Each structure stands twice: as C-alpha cells, then as structure tokens.
$ cat protein_4.cif   # mmCIF, C-alpha atoms
data_final
loop_
_atom_site.label_atom_id
_atom_site.label_comp_id
_atom_site.auth_asym_id
_atom_site.auth_seq_id
_atom_site.Cartn_x
_atom_site.Cartn_y
_atom_site.Cartn_z
CA MET A 208 0.00 0.00 0.00
CA ALA A 209 1.51 3.42 0.47
CA VAL A 210 4.80 1.77 0.84
CA LEU A 211 3.33 -1.52 0.04
CA HIS A 212 0.65 -0.66 -2.41
CA ARG A 213 0.14 2.39 -4.53
CA GLY A 214 2.40 4.68 -2.58
CA LEU A 215 4.70 1.81 -1.92
CA ARG A 216 4.37 0.65 -5.43
CA LEU A 217 5.41 4.06 -6.60
CA GLY A 218 8.31 3.90 -4.18
CA MET A 219 9.19 0.36 -5.12
CA THR A 220 9.81 1.23 -8.69
CA LEU A 221 12.43 3.52 -7.25
CA LEU A 222 13.90 0.64 -5.25
CA ALA A 223 12.19 0.25 -1.94
CA SER A 224 9.46 -1.44 0.01
CA VAL A 225 7.14 -1.28 2.93
CA MET A 226 8.53 -0.40 6.29
CA ALA A 227 7.56 -0.27 9.90
CA PRO A 228 7.49 2.08 12.83
CA ALA A 229 9.67 2.10 15.87
CA CYS A 230 9.77 3.51 19.35
CA GLY A 231 12.44 5.56 20.98
CA PRO A 232 13.58 9.14 21.41
CA GLU A 233 11.39 12.08 20.53
CA PHE A 234 11.80 15.73 19.69
CA PRO A 235 10.74 18.08 22.47
CA PRO A 236 7.85 20.32 21.41
CA GLY A 237 8.88 23.12 19.10
CA SER A 238 12.42 21.85 18.61
CA VAL A 239 12.04 20.37 15.14
CA PRO A 240 13.65 22.45 12.36
CA GLU A 241 12.66 22.07 8.73
CA VAL A 242 14.21 18.61 8.79
CA GLY A 243 14.91 17.30 12.27
CA GLU A 244 16.58 14.02 13.15
CA LEU A 245 17.75 11.79 15.96
CA GLU A 246 20.29 9.04 15.39
CA SER A 247 21.68 6.08 17.30
CA THR A 248 24.16 3.37 16.47
CA GLY A 249 22.97 -0.20 15.98
CA VAL A 250 24.97 -3.22 17.13
CA GLY A 251 24.90 -6.95 16.58
CA LEU A 252 24.58 -7.25 12.80
CA GLU A 253 23.04 -10.62 12.03
CA GLU A 254 24.04 -12.99 9.26
CA GLY A 255 21.94 -13.00 6.14
CA ALA A 256 21.31 -10.38 3.50
CA ARG A 257 23.92 -7.69 3.08
CA LEU A 258 22.79 -4.64 5.04
CA PRO A 259 24.22 -1.28 3.97
CA PRO A 260 24.49 1.60 6.44
CA LEU A 261 21.65 4.07 6.65
CA ASN A 262 21.90 6.81 4.06
CA ARG A 263 21.05 9.66 6.40
CA GLU A 264 21.63 12.36 3.84
CA ALA A 265 19.26 10.69 1.39
CA LEU A 266 16.64 10.45 4.14
CA ARG A 267 17.08 14.14 4.98
CA GLN A 268 16.71 15.08 1.34
CA ALA A 269 13.66 12.86 0.91
CA ILE A 270 11.58 15.01 3.26
CA SER A 271 13.20 18.39 2.67
CA GLY A 272 11.42 21.40 1.19
CA LEU A 273 8.10 20.94 2.99
CA PRO A 274 5.46 22.22 2.87
CA ASP A 275 5.03 22.21 -0.91
CA GLY A 276 2.12 22.03 -3.33
CA GLU A 277 1.31 18.41 -2.51
CA VAL A 278 2.36 17.79 1.09
CA THR A 279 2.27 19.88 4.28
CA GLY A 280 4.39 17.66 6.51
CA ALA A 281 6.12 14.31 6.94
CA LEU A 282 7.40 11.95 9.62
CA VAL A 283 9.93 9.19 9.01
CA ARG A 284 11.45 6.56 11.28
CA VAL A 285 14.05 4.05 10.11
CA ASP A 286 15.44 1.55 12.58
CA GLY A 287 17.36 -1.71 12.75
CA ALA A 288 20.79 -3.25 12.98
CA GLU A 289 22.52 -0.30 11.32
CA GLY A 290 21.07 2.31 13.64
CA ARG A 291 18.13 4.64 13.83
CA TRP A 292 17.11 7.77 11.96
CA ILE A 293 14.08 9.88 12.86
CA GLY A 294 13.07 12.86 10.77
CA ALA A 295 10.25 15.37 10.73
CA SER A 296 9.60 18.10 8.18
CA GLY A 297 6.98 20.69 7.31
CA VAL A 298 4.16 22.21 9.34
CA ALA A 299 1.63 20.55 11.62
CA ASP A 300 -0.79 23.48 11.35
CA VAL A 301 -0.89 25.81 8.34
CA ARG A 302 -2.62 28.52 10.37
CA THR A 303 0.07 28.75 13.07
CA GLY A 304 3.09 27.39 11.22
CA ALA A 305 3.83 25.01 14.13
CA PRO A 306 6.36 22.37 13.05
CA VAL A 307 5.62 18.66 12.74
CA ARG A 308 6.64 16.85 15.93
CA ALA A 309 8.45 13.52 15.83
CA ASP A 310 6.07 12.09 18.43
CA ALA A 311 2.99 13.12 16.45
CA ARG A 312 0.07 10.75 16.09
CA PHE A 313 -1.71 10.16 12.80
CA ARG A 314 -4.55 8.21 11.24
CA ILE A 315 -2.95 4.96 10.07
CA GLY A 316 -5.72 3.91 7.68
CA SER A 317 -5.41 0.36 6.36
CA MET A 318 -2.47 -0.45 8.61
CA THR A 319 -5.37 -1.14 11.01
CA LYS A 320 -5.82 -4.40 9.09
CA THR A 321 -2.59 -5.75 10.58
CA PHE A 322 -3.99 -5.28 14.09
CA THR A 323 -7.34 -6.83 13.16
CA ALA A 324 -5.66 -9.81 11.49
CA THR A 325 -3.49 -10.34 14.56
CA VAL A 326 -6.54 -10.57 16.83
CA VAL A 327 -8.24 -13.06 14.50
CA LEU A 328 -5.06 -15.17 14.41
CA GLN A 329 -4.85 -15.06 18.21
CA LEU A 330 -8.41 -16.37 18.43
CA ALA A 331 -7.44 -19.13 16.02
CA ALA A 332 -4.45 -20.00 18.23
CA GLU A 333 -6.87 -20.26 21.17
CA ARG A 334 -9.10 -22.56 19.07
CA ARG A 335 -12.01 -20.19 19.41
CA LEU A 336 -12.26 -20.14 15.64
CA ASP A 337 -10.79 -22.11 12.74
CA LEU A 338 -9.15 -20.26 9.84
CA ASP A 339 -10.32 -22.91 7.39
CA ARG A 340 -13.97 -23.01 8.44
CA PRO A 341 -16.53 -20.84 6.64
CA VAL A 342 -17.22 -17.48 8.18
CA GLN A 343 -20.90 -18.27 7.58
CA GLU A 344 -20.71 -20.78 10.44
CA TYR A 345 -19.78 -17.98 12.84
CA LEU A 346 -22.01 -15.28 11.32
CA PRO A 347 -24.85 -17.36 9.89
CA ARG A 348 -27.20 -14.54 8.88
CA LEU A 349 -24.67 -12.12 7.43
CA LEU A 350 -24.08 -13.50 3.91
CA PRO A 351 -27.10 -14.89 2.00
CA ALA A 352 -26.45 -18.61 1.44
CA ASN A 353 -28.27 -18.62 -1.89
CA VAL A 354 -25.84 -16.00 -3.27
CA TYR A 355 -22.50 -16.45 -1.50
CA ALA A 356 -20.53 -19.70 -1.45
CA PRO A 357 -18.74 -20.64 1.78
CA ILE A 358 -15.87 -18.23 2.52
CA THR A 359 -13.21 -19.29 5.01
CA VAL A 360 -11.86 -17.01 7.70
CA ARG A 361 -8.43 -17.28 6.06
CA GLN A 362 -9.89 -16.03 2.77
CA LEU A 363 -11.33 -13.00 4.58
CA LEU A 364 -7.85 -12.10 5.85
CA ASN A 365 -5.93 -12.62 2.60
CA HIS A 366 -8.45 -10.90 0.31
CA THR A 367 -9.39 -14.01 -1.69
CA HIS A 368 -13.02 -14.00 -0.45
CA GLY A 369 -14.60 -12.52 -3.59
CA LEU A 370 -16.95 -10.24 -1.66
CA PRO A 371 -17.93 -6.98 -3.41
CA GLY A 372 -16.60 -3.65 -2.19
CA VAL A 373 -18.56 -1.22 -0.05
CA PRO A 374 -20.20 1.27 -2.47
CA VAL A 375 -19.37 4.35 -0.41
CA PRO A 376 -17.24 6.88 -2.38
CA GLN A 377 -15.21 7.98 0.65
CA LYS A 378 -12.27 9.12 -1.50
CA ASP A 379 -14.49 11.53 -3.43
CA PRO A 380 -13.94 14.94 -1.74
CA GLU A 381 -17.46 16.16 -2.51
CA TRP A 382 -18.99 13.09 -0.87
CA PHE A 383 -16.58 13.29 2.03
CA PHE A 384 -17.29 16.91 2.90
CA VAL A 385 -21.03 16.20 3.08
CA ASN A 386 -20.69 12.92 4.98
CA ARG A 387 -17.50 13.28 7.00
CA PHE A 388 -19.30 13.05 10.36
CA ARG A 389 -21.90 10.49 9.34
CA ARG A 390 -21.74 7.18 11.22
CA TYR A 391 -22.32 3.85 9.53
CA SER A 392 -22.66 0.58 11.40
CA PRO A 393 -20.50 -2.33 10.17
CA ARG A 394 -23.57 -4.39 9.29
CA GLU A 395 -25.00 -1.45 7.36
CA LEU A 396 -21.80 -1.29 5.29
CA VAL A 397 -21.95 -5.03 4.57
CA SER A 398 -25.62 -4.79 3.59
CA LEU A 399 -24.80 -1.98 1.16
CA ALA A 400 -22.14 -4.14 -0.51
CA LEU A 401 -23.92 -7.49 -0.79
CA PRO A 402 -26.48 -6.74 -3.54
CA GLU A 403 -23.68 -6.62 -6.13
CA GLY A 404 -23.04 -10.33 -5.65
CA PRO A 405 -19.69 -12.15 -5.52
CA ARG A 406 -16.88 -10.91 -7.74
CA PHE A 407 -15.24 -14.34 -8.07
CA ALA A 408 -15.34 -17.77 -6.48
CA PRO A 409 -13.67 -17.77 -3.04
CA GLY A 410 -10.00 -18.74 -3.12
CA THR A 411 -9.55 -18.31 -6.88
CA GLN A 412 -8.28 -14.71 -7.07
CA GLN A 413 -7.12 -11.90 -4.82
CA GLN A 414 -8.64 -8.42 -4.74
CA TYR A 415 -7.61 -5.97 -2.04
CA GLY A 416 -10.29 -4.01 -0.21
CA ASN A 417 -11.93 -3.22 3.11
CA ILE A 418 -14.98 -5.48 3.10
CA GLY A 419 -13.16 -8.62 4.27
CA TYR A 420 -11.82 -6.82 7.31
CA ILE A 421 -15.17 -5.28 8.16
CA VAL A 422 -16.53 -8.84 8.26
CA ALA A 423 -13.43 -9.88 10.27
CA GLY A 424 -14.25 -7.19 12.83
CA LEU A 425 -17.79 -8.58 13.14
CA LEU A 426 -16.31 -12.06 13.50
CA ILE A 427 -14.13 -10.89 16.42
CA GLU A 428 -17.20 -9.42 18.10
CA GLN A 429 -19.22 -12.59 17.57
CA VAL A 430 -16.51 -14.85 18.99
CA THR A 431 -15.51 -12.65 21.94
CA GLY A 432 -18.90 -11.12 22.74
CA ARG A 433 -17.27 -7.68 22.98
CA PRO A 434 -16.47 -4.77 20.61
CA TYR A 435 -13.55 -5.54 18.31
CA GLY A 436 -11.76 -2.43 19.61
CA ASP A 437 -11.73 -3.91 23.10
CA ALA A 438 -10.00 -7.00 21.74
CA VAL A 439 -7.34 -4.87 20.03
CA ARG A 440 -6.74 -2.88 23.21
CA ASP A 441 -6.67 -5.86 25.57
CA ARG A 442 -4.63 -8.17 23.36
CA ILE A 443 -2.17 -5.79 21.69
CA LEU A 444 -2.14 -2.17 22.84
CA ARG A 445 -2.01 -2.65 26.60
CA PRO A 446 0.38 -5.65 26.67
CA LEU A 447 2.84 -3.78 24.41
CA GLY A 448 2.41 -0.42 26.16
CA LEU A 449 1.26 1.33 22.96
CA ARG A 450 0.09 4.54 24.59
CA ASP A 451 -0.12 6.54 21.35
CA THR A 452 -2.36 4.01 19.63
CA PHE A 453 -6.16 4.21 19.67
CA VAL A 454 -9.23 2.53 18.26
CA PRO A 455 -11.27 5.74 18.06
CA GLY A 456 -14.81 4.41 17.75
CA ASN A 457 -17.10 7.45 17.84
CA LEU A 458 -14.23 9.86 18.51
CA VAL A 459 -13.71 12.17 15.51
CA THR A 460 -10.59 13.93 16.82
CA ILE A 461 -6.97 12.78 17.17
CA PRO A 462 -5.92 12.90 20.85
CA GLY A 463 -2.55 14.41 21.73
CA PRO A 464 0.09 15.91 19.43
CA HIS A 465 -0.62 15.47 15.73
CA ALA A 466 -0.20 17.14 12.38
CA HIS A 467 -3.42 18.37 10.83
CA GLY A 468 -4.66 16.79 7.63
CA TYR A 469 -5.88 18.94 4.74
CA GLU A 470 -7.63 18.53 1.40
CA VAL A 471 -7.25 20.91 -1.53
CA VAL A 472 -10.61 22.18 -2.71
CA ALA A 473 -9.55 24.81 -5.27
CA ALA A 474 -6.84 27.13 -6.46
CA GLN A 475 -6.92 30.34 -4.45
CA GLY A 476 -7.89 32.53 -7.36
CA GLU A 477 -10.17 35.37 -6.27
CA GLY A 478 -10.75 33.85 -2.85
CA CYS A 479 -11.45 30.61 -1.04
CA PRO A 480 -14.86 29.11 -0.23
CA THR A 481 -16.28 29.66 3.23
CA GLY A 482 -14.41 27.53 5.75
CA ALA A 483 -11.39 26.98 3.53
CA ILE A 484 -7.88 28.23 4.34
CA ALA A 485 -5.85 30.19 1.80
CA TYR A 486 -2.36 28.70 1.80
CA GLN A 487 0.42 28.88 -0.79
CA GLY A 488 -2.00 29.65 -3.59
CA ARG A 489 -4.44 26.89 -2.72
CA CYS A 490 -7.65 26.62 -0.75
CA LEU A 491 -7.40 23.94 1.93
CA VAL A 492 -10.03 22.40 4.16
CA ASP A 493 -8.89 20.95 7.48
CA VAL A 494 -10.06 17.31 7.40
CA THR A 495 -8.39 16.16 10.62
CA GLU A 496 -11.72 15.65 12.35
CA ALA A 497 -13.92 13.02 10.73
CA SER A 498 -15.82 9.86 11.50
CA GLN A 499 -13.86 6.69 10.76
CA SER A 500 -16.89 4.40 10.69
CA VAL A 501 -16.60 3.61 6.97
CA PRO A 502 -13.26 1.79 7.19
CA TRP A 503 -13.91 0.62 10.80
CA ALA A 504 -11.87 -2.54 11.55
CA ALA A 505 -10.21 -2.15 8.14
CA GLY A 506 -8.83 1.36 8.63
CA GLU A 507 -9.91 3.48 11.61
CA MET A 508 -6.96 3.43 14.02
CA ILE A 509 -4.57 6.17 15.20
CA SER A 510 -0.91 5.61 16.13
CA SER A 511 2.64 7.00 16.07
CA THR A 512 5.85 5.85 14.41
CA ALA A 513 7.27 4.71 17.76
CA ASP A 514 4.23 2.59 18.60
CA LEU A 515 4.03 1.08 15.14
CA ASP A 516 7.67 0.07 15.29
CA ARG A 517 7.17 -1.57 18.67
CA PHE A 518 4.14 -3.40 17.30
CA LEU A 519 5.99 -4.66 14.22
CA VAL A 520 8.95 -5.86 16.25
CA ALA A 521 6.70 -7.76 18.66
CA LEU A 522 4.68 -9.22 15.80
CA PHE A 523 7.65 -10.40 13.73
CA GLN A 524 9.43 -11.78 16.82
CA GLY A 525 6.47 -14.03 17.61
CA ARG A 526 5.51 -12.29 20.84
CA LEU A 527 1.88 -11.88 19.75
CA LEU A 528 1.30 -15.14 17.86
CA PRO A 529 2.44 -18.77 18.04
CA ARG A 530 4.48 -20.13 15.14
CA ALA A 531 1.55 -21.81 13.37
CA GLN A 532 -0.50 -18.61 13.20
CA MET A 533 2.54 -16.49 12.29
CA GLU A 534 2.76 -18.53 9.10
CA ALA A 535 -0.45 -16.88 7.94
CA LEU A 536 1.24 -13.47 8.24
CA PHE A 537 3.99 -14.52 5.84
CA THR A 538 2.06 -16.75 3.43
CA VAL A 539 0.70 -15.22 0.23
CA PRO A 540 -1.84 -17.37 -1.64
CA ASP A 541 -0.70 -18.61 -5.03
CA VAL A 542 -3.51 -17.08 -7.06
CA PRO A 543 -3.78 -14.33 -9.66
CA ALA A 544 -4.56 -10.79 -8.57
CA VAL A 545 -7.58 -9.07 -10.05
CA GLY A 546 -6.22 -6.57 -12.55
CA GLY A 547 -3.10 -8.57 -13.41
CA GLY A 548 -0.05 -10.15 -11.83
CA ARG A 549 0.03 -12.47 -8.85
CA ALA A 550 -1.26 -12.08 -5.30
CA THR A 551 0.93 -10.07 -2.89
CA TYR A 552 -1.23 -9.91 0.27
CA SER A 553 -1.08 -12.32 3.17
CA ALA A 554 -3.18 -12.14 6.36
CA GLY A 555 -2.65 -8.54 7.44
CA LEU A 556 0.55 -7.82 5.52
CA SER A 557 1.81 -7.46 1.98
CA ARG A 558 4.93 -8.91 0.39
CA MET A 559 7.33 -6.98 -1.81
CA ASP A 560 10.34 -8.59 -3.45
CA VAL A 561 13.27 -6.22 -4.09
CA ASN A 562 16.82 -7.09 -5.15
CA GLY A 563 16.37 -10.68 -4.05
CA LEU A 564 15.00 -9.68 -0.64
CA THR A 565 11.45 -10.13 0.58
CA LEU A 566 10.03 -7.22 2.56
CA TRP A 567 6.80 -7.31 4.54
CA GLY A 568 4.55 -4.48 5.63
CA LYS A 569 1.40 -2.49 5.09
CA SER A 570 0.36 0.92 3.95
CA GLY A 571 -2.70 2.97 4.71
CA ASP A 572 -4.28 6.33 4.12
CA ARG A 573 -7.11 8.51 5.26
CA HIS A 574 -7.99 12.05 4.28
CA GLY A 575 -4.87 14.11 5.01
CA TYR A 576 -2.67 11.12 5.90
CA ASN A 577 -0.72 8.69 3.71
CA ASN A 578 1.44 6.17 5.59
CA GLY A 579 3.49 3.01 5.31
CA MET A 580 5.27 0.51 7.53
CA GLY A 581 7.48 -2.38 6.56
CA ALA A 582 10.54 -4.42 7.39
CA THR A 583 12.82 -7.21 6.40
CA ARG A 584 11.62 -10.47 7.96
CA ASP A 585 14.55 -10.44 10.42
CA LEU A 586 13.77 -6.80 11.40
CA ARG A 587 17.28 -5.61 10.56
CA ARG A 588 15.85 -2.74 8.49
CA ARG A 589 12.49 -1.19 9.34
CA LEU A 590 10.67 1.88 8.07
CA ILE A 591 7.61 3.80 9.11
CA TYR A 592 6.42 7.04 7.58
CA SER A 593 3.45 9.36 7.56
CA VAL A 594 2.95 12.04 4.93
CA ASN A 595 0.28 14.74 5.12
CA THR A 596 -1.02 14.70 1.58
CA LEU A 597 -3.45 17.22 0.14
CA ARG A 598 -5.38 14.92 -2.22
CA MET A 599 -6.71 11.61 -1.00
CA GLY A 600 -7.50 9.04 -3.67
CA GLN A 601 -5.19 10.51 -6.29
CA ASP A 602 -1.66 9.40 -7.17
CA ARG A 603 0.68 9.28 -4.19
CA PRO A 604 3.09 12.20 -3.94
CA ASP A 605 6.66 11.64 -5.10
CA ILE A 606 7.84 12.11 -1.52
CA ALA A 607 6.53 8.63 -0.58
CA ALA A 608 8.70 7.08 -3.29
CA ARG A 609 11.70 9.10 -2.15
CA ILE A 610 11.26 8.02 1.47
CA VAL A 611 11.03 4.34 0.60
CA ALA A 612 13.96 4.52 -1.80
CA ALA A 613 16.15 6.36 0.72
CA ALA A 614 15.29 3.95 3.54
CA MET A 615 15.86 0.78 1.51
CA ALA A 616 18.66 1.90 -0.79
CA GLY A 617 21.38 -0.68 -1.20
CA LEU A 618 19.47 -3.58 0.36
CA GLN A 619 20.13 -6.77 -1.55
CA ALA A 620 20.48 -10.46 -0.96
CA ASN A 621 23.89 -12.06 -0.61
CA PRO A 622 25.27 -13.23 -3.96
#

$ encode --input "protein_4.cif" --output "structure tokens"
Amino acid sequence: MAVLHRGLRLGMTLLASVMAPACGPEFPPGSVPEVGELESTGVGLEEGARLPPLNREALRQAISGLPDGEVTGALVRVDGAEGRWIGASGVADVRTGAPVRADARFRIGSMTKTFTATVVLQLAAERRLDLDRPVQEYLPRLLPANVYAPITVRQLLNHTHGLPGVPVPQKDPEWFFVNRFRRYSPRELVSLALPEGPRFAPGTQQQYGNIGYIVAGLLIEQVTGRPYGDAVRDRILRPLGLRDTFVPGNLVTIPGPHAHGYEVVAAQGEGCPTGAIAYQGRCLVDVTEASQSVPWAAGEMISSTADLDRFLVALFQGRLLPRAQMEALFTVPDVPAVGGGRATYSAGLSRMDVNGLTLWGKSGDRHGYNNGMGATRDLRRRLIYSVNTLRMGQDRPDIAARIVAAAMAGLQANP
C-alpha cells in the first residue's frame, strides 16, 4: 500500500518497500527544524542479507522542502541493525506554522488491518475459531447462502473471499465533505455491498479491499462477545504499552500531538470558499476531524511511528502469535490478482520482493494522511512514515517514493 501498495508501489519502482514504525527518542515540542533528526548506532549485525548503512543524507533530502504544493508535513522513522534515523519536516498546522513533531500521532488507515488480522489469528491459536472453516458458520445470517458460497476465515484475511466492495465513495472529496461526520454501522456497510453479488469464487483470485476486514471485525465481536476495539486494546495495545495508539470508535478527533490533515478544494484565485484556508496559492479544508466508521476494523486506528515500530517488532518476533498462526502473516496465496499479476497480500501484511530480498509491511491512508510501515523479515531494516497529503484518492506524492527509496537503498540479498 503506500509503501506496500500504490504509494509503496510508486516507491518500489524507485527501489524500496514497505517499512515499519519504531519507538524511541522524541523531539521536544517546538524543537524540530525544517528537517529534524535523531540518530543512534545499531549493534549486533546478524548474518543474512547484506545490510548497507543508513543513508542519512538521502533520508534528509527525501523530506526536505516541505510544505510544498502536494504535502504539508512528513514523519519518518528508520530503525534496525545499522542504527536509527528519525526525521520530521513541514508544518503541523498551516494557520500557526507550528512544526511537525516527531512524536505526532496520525490516522494509520489500512495499517489497522494488521492489528485486526493479529486478533483473528490469536483467536485461532486459542481454538475459538478455525481459519479454514466458513465465516458463515460464525455469522450465519450475514451472507445470504443462496448468493454467496462458503468463505473461510483465512480467505477473509488474505483478500481471496470474492466479496464486493462497499459502495461508499469515501475518496471523493465532494462526498466526504457532506458525509464526514456520518456514522455507519458495520452491518450497514456489509448490507450496502452485498447486492452486487460475488466478484469471483472464493480462493480463486485476490482483490484488495476493506470489506473482508469489516466482516473480520464482526467475527471478532461474535466470537468474543465484545467490541472488536476492546480485543485490540486488551490483546495488543495494553500488553505492548502502545500509549499513542487508539481505536477511536465514535471519537472524531486525534488525541494528543498530531499534524493536521488537509484537502485541496480549489486554487486560491479570487478567494477561497467559506471555511477553507488560503495557503500557498491553494484553498485547503482541514479534514483532521472526521468519523472513521466507513473503514472501521479495516482502517480506523490512530498511532505513532514509535508505537508502530514496537508493534511490528513484537509481531515479527512471535511475541503476539504462536508459530503456526505467524505462518499466515507470511504466506501469500498462489492465485492471480484481479487486474493482473500475482497475489501479494497475506493475512494482514503485503509482500514486496526487491533485489532478491522479501520485505513485509502495510500501507494505509485517510484524508490528510498517507502512511506506510514495513521491514525485512529479520527486522534488521524497518521503516515507518506518515505524509500529510493534500489529495486523497489521487496518485501518491513523489515524496513517498523518495522516502522508501532512501530507507531501503542498497538492500540486496547475498550473492
């Protein structure tokens, strides 16, 4: 997605891949210059793929010059065996000019799927559900049996379920501005999608989307008898001490320090519409506050680069899942992808092969926020970034490609 999908795909053509967040030092408030950084030296280089040193200058250059016509701010964290680099650039608030803070929180979008998948896999490890049983056995009245063939829980998680997408144009700015505070229930979203009928037979193709993870959230609630957000908090956030990470539910704000998100509505011209902010020749609307009910268990969460890194490290090290369930994280089904090529998504992650190395991660975006996290399987190089874009649903800004390329430059398998 960002790193590991469109934005990451853009960056991958430049030589990179998805990366993941980390935890550690932070900038004190107000201390971040145009490009701020903190560095530390890594020790204990493991055997395996050749790991070049961090290219700190390339990372600085990747997020320099902000704000510009496409991006107001950026956060980057690179960590691993060759050290740590943390950078922040641009403005967190175009009205005040306050700088982006390194400890800022942001809407992580579809990176939420990794948390949701982890909870489902934990329930499988506890034998409270079976990945290879039909979801219809757990949610018997959700999917009409005369229309939808049995879909396994595993197929929900790896996007091979064939369910149609939710017909809500959330990336259309006009729709968003009218409906940004509207709340949908998860079952309402599923009911809106189902009339289209299946897109393909379960297990035969892969098509990325949110619907499978909305159903996965309902599955968690059915099995546990509690809101899916409670399961995420009790099973992941609290045990790992992720104090910057939230399942917002009905909350439309971002608690604590954060960079504002904006959407361009017009060139400034003779003046901006009511409620818009004139900034660098454009008219911006602050879209930081909004309901996240449409993506729900597929994309509603808030986090920071430090928390995301801690989460990735714990996940890849097997501290959240037993070995058998971890296999689902790193197993991509051998099926074609809708639109061409082969499948790249596993349960909660995406695979990207670069220079003989396999990188794993996830990207995600919401209005005003475009992000990615990813790592080598052995965690020796990890990346997490958040970019405050001005146009959701359009091509990712070049900065995402630059960040990924700078973080992953030189990575290659041993000859």

$ residues_around --input "protein_4.cif" --residues "stretch 356-358 of chain A" --least-positions-apart "6" --cutoff "9 Å" --atoms "all atoms listed in the file" --output "PDB file with C-alpha atoms, keeping the file's coordinate frame"
ATOM      1  CA  ASP A 339     -10.320 -22.910   7.390  1.00  0.00           C
ATOM      2  CA  ARG A 340     -13.970 -23.010   8.440  1.00  0.00           C
ATOM      3  CA  PRO A 341     -16.530 -20.840   6.640  1.00  0.00           C
ATOM      4  CA  VAL A 342     -17.220 -17.480   8.180  1.00  0.00           C
ATOM      5  CA  GLN A 343     -20.900 -18.270   7.580  1.00  0.00           C
ATOM      6  CA  GLU A 344     -20.710 -20.780  10.440  1.00  0.00           C
ATOM      7  CA  LEU A 350     -24.080 -13.500   3.910  1.00  0.00           C
ATOM      8  CA  THR A 367      -9.390 -14.010  -1.690  1.00  0.00           C
ATOM      9  CA  HIS A 368     -13.020 -14.000  -0.450  1.00  0.00           C
ATOM     10  CA  GLY A 369     -14.600 -12.520  -3.590  1.00  0.00           C
ATOM     11  CA  PRO A 405     -19.690 -12.150  -5.520  1.00  0.00           C
ATOM     12  CA  ALA A 408     -15.340 -17.770  -6.480  1.00  0.00           C
ATOM     13  CA  PRO A 409     -13.670 -17.770  -3.040  1.00  0.00           C
ATOM     14  CA  GLY A 410     -10.000 -18.740  -3.120  1.00  0.00           C
TER      15      GLY A 410
END

$ closest_residue --input "protein_4.cif" --among "A:Ser498, A:Thr583, A:Thr411, A:Gln475" --to "A:Val520" --atoms "only C-alpha atoms"
A:Thr583

$ closest_residue --input "protein_4.cif" --among "A:Thr303, A:Leu282, A:Gln414, A:Arg314" --to "A:Val545" --atoms "all atoms listed in the file"
A:Gln414

$ residues_around --input "protein_4.cif" --residues "A:Val285" --least-positions-apart "3" --cutoff "7 Å" --atoms "all atoms listed in the file" --output "tab-separated table (two decimals) with C-alpha atoms, in the coordinates of the input"
chain	number	residue	atom	x	y	z
A	291	ARG	CA	18.13	4.64	13.83
A	292	TRP	CA	17.11	7.77	11.96
A	293	ILE	CA	14.08	9.88	12.86
A	589	ARG	CA	12.49	-1.19	9.34
A	590	LEU	CA	10.67	1.88	8.07
A	591	ILE	CA	7.61	3.80	9.11
A	614	ALA	CA	15.29	3.95	3.54

$ atom_distance --input "protein_4.cif" --atom1 "atom CA of A:Ala309" --atom2 "atom CA of A:Arg445"
22.1 Å

$ closest_residue --input "protein_4.cif" --among "A:Ala311, A:Gln268, A:Leu258, A:Tyr592" --to "A:Ala466" --atoms "only C-alpha atoms"
A:Ala311

$ residues_around --input "protein_4.cif" --residues "A:Leu346" --least-positions-apart "5" --cutoff "12 Å" --atoms "only C-alpha atoms" --output "mmCIF file with C-alpha atoms, keeping the file's coordinate frame"
data_model
loop_
_atom_site.group_PDB
_atom_site.id
_atom_site.type_symbol
_atom_site.label_atom_id
_atom_site.label_comp_id
_atom_site.auth_asym_id
_atom_site.auth_seq_id
_atom_site.Cartn_x
_atom_site.Cartn_y
_atom_site.Cartn_z
ATOM 1 C CA LEU A 336 -12.260 -20.140 15.640
ATOM 2 C CA ARG A 340 -13.970 -23.010 8.440
ATOM 3 C CA PRO A 341 -16.530 -20.840 6.640
ATOM 4 C CA PRO A 351 -27.100 -14.890 2.000
ATOM 5 C CA ALA A 352 -26.450 -18.610 1.440
ATOM 6 C CA PRO A 357 -18.740 -20.640 1.780
ATOM 7 C CA ILE A 358 -15.870 -18.230 2.520
ATOM 8 C CA THR A 359 -13.210 -19.290 5.010
ATOM 9 C CA VAL A 360 -11.860 -17.010 7.700
ATOM 10 C CA ARG A 394 -23.570 -4.390 9.290
ATOM 11 C CA VAL A 422 -16.530 -8.840 8.260
ATOM 12 C CA ALA A 423 -13.430 -9.880 10.270
ATOM 13 C CA GLY A 424 -14.250 -7.190 12.830
ATOM 14 C CA LEU A 425 -17.790 -8.580 13.140
ATOM 15 C CA LEU A 426 -16.310 -12.060 13.500
ATOM 16 C CA ILE A 427 -14.130 -10.890 16.420
ATOM 17 C CA GLU A 428 -17.200 -9.420 18.100
ATOM 18 C CA GLN A 429 -19.220 -12.590 17.570
ATOM 19 C CA VAL A 430 -16.510 -14.850 18.990
#

$ resolve_selection --input "protein_4.cif" --expression "the PyMOL selection byres ((chain A and resi 273) around 9)" --output "ChimeraX atom specification"
/A:241-242,270-272,274-276,278-281,296-298

$ residues_near_point --input "protein_4.cif" --point "(-23.6, -7.7, -5.9)" --cutoff "10 Å" --atoms "only C-alpha atoms" --output "list in words"
Val354, Tyr355, Leu370, Pro371, Gly372, Leu399, Ala400, Leu401, Pro402, Glu403, Gly404, Pro405 and Arg406 of chain A

$ write_last_selection --input "protein_4.cif" --atoms "C-alpha atoms" --output "PDB file, keeping the file's coordinate frame"
ATOM      1  CA  VAL A 354     -25.840 -16.000  -3.270  1.00  0.00           C
ATOM      2  CA  TYR A 355     -22.500 -16.450  -1.500  1.00  0.00           C
ATOM      3  CA  LEU A 370     -16.950 -10.240  -1.660  1.00  0.00           C
ATOM      4  CA  PRO A 371     -17.930  -6.980  -3.410  1.00  0.00           C
ATOM      5  CA  GLY A 372     -16.600  -3.650  -2.190  1.00  0.00           C
ATOM      6  CA  LEU A 399     -24.800  -1.980   1.160  1.00  0.00           C
ATOM      7  CA  ALA A 400     -22.140  -4.140  -0.510  1.00  0.00           C
ATOM      8  CA  LEU A 401     -23.920  -7.490  -0.790  1.00  0.00           C
ATOM      9  CA  PRO A 402     -26.480  -6.740  -3.540  1.00  0.00           C
ATOM     10  CA  GLU A 403     -23.680  -6.620  -6.130  1.00  0.00           C
ATOM     11  CA  GLY A 404     -23.040 -10.330  -5.650  1.00  0.00           C
ATOM     12  CA  PRO A 405     -19.690 -12.150  -5.520  1.00  0.00           C
ATOM     13  CA  ARG A 406     -16.880 -10.910  -7.740  1.00  0.00           C
TER      14      ARG A 406
END

$ resolve_selection --input "protein_4.cif" --expression "the PyMOL selection byres ((chain A and resi 269) around 8)" --output "PyMOL selection string"
chain A and resi 265-268+270-271+606+609-610+613

$ resolve_selection --input "protein_4.cif" --expression "the PyMOL selection byres ((chain A and resi 499) around 8)" --output "ChimeraX atom specification"
/A:390,455-457,459,497-498,500-503,506-507

$ atom_distance --input "protein_4.cif" --atom1 "atom CA of A:Ser510" --atom2 "atom CA of A:Ile421"
19.6 Å

$ closest_residue --input "protein_4.cif" --among "A:Met533, A:Ala544, A:Ile484, A:Ile509" --to "A:His465" --atoms "only C-alpha atoms"
A:Ile509
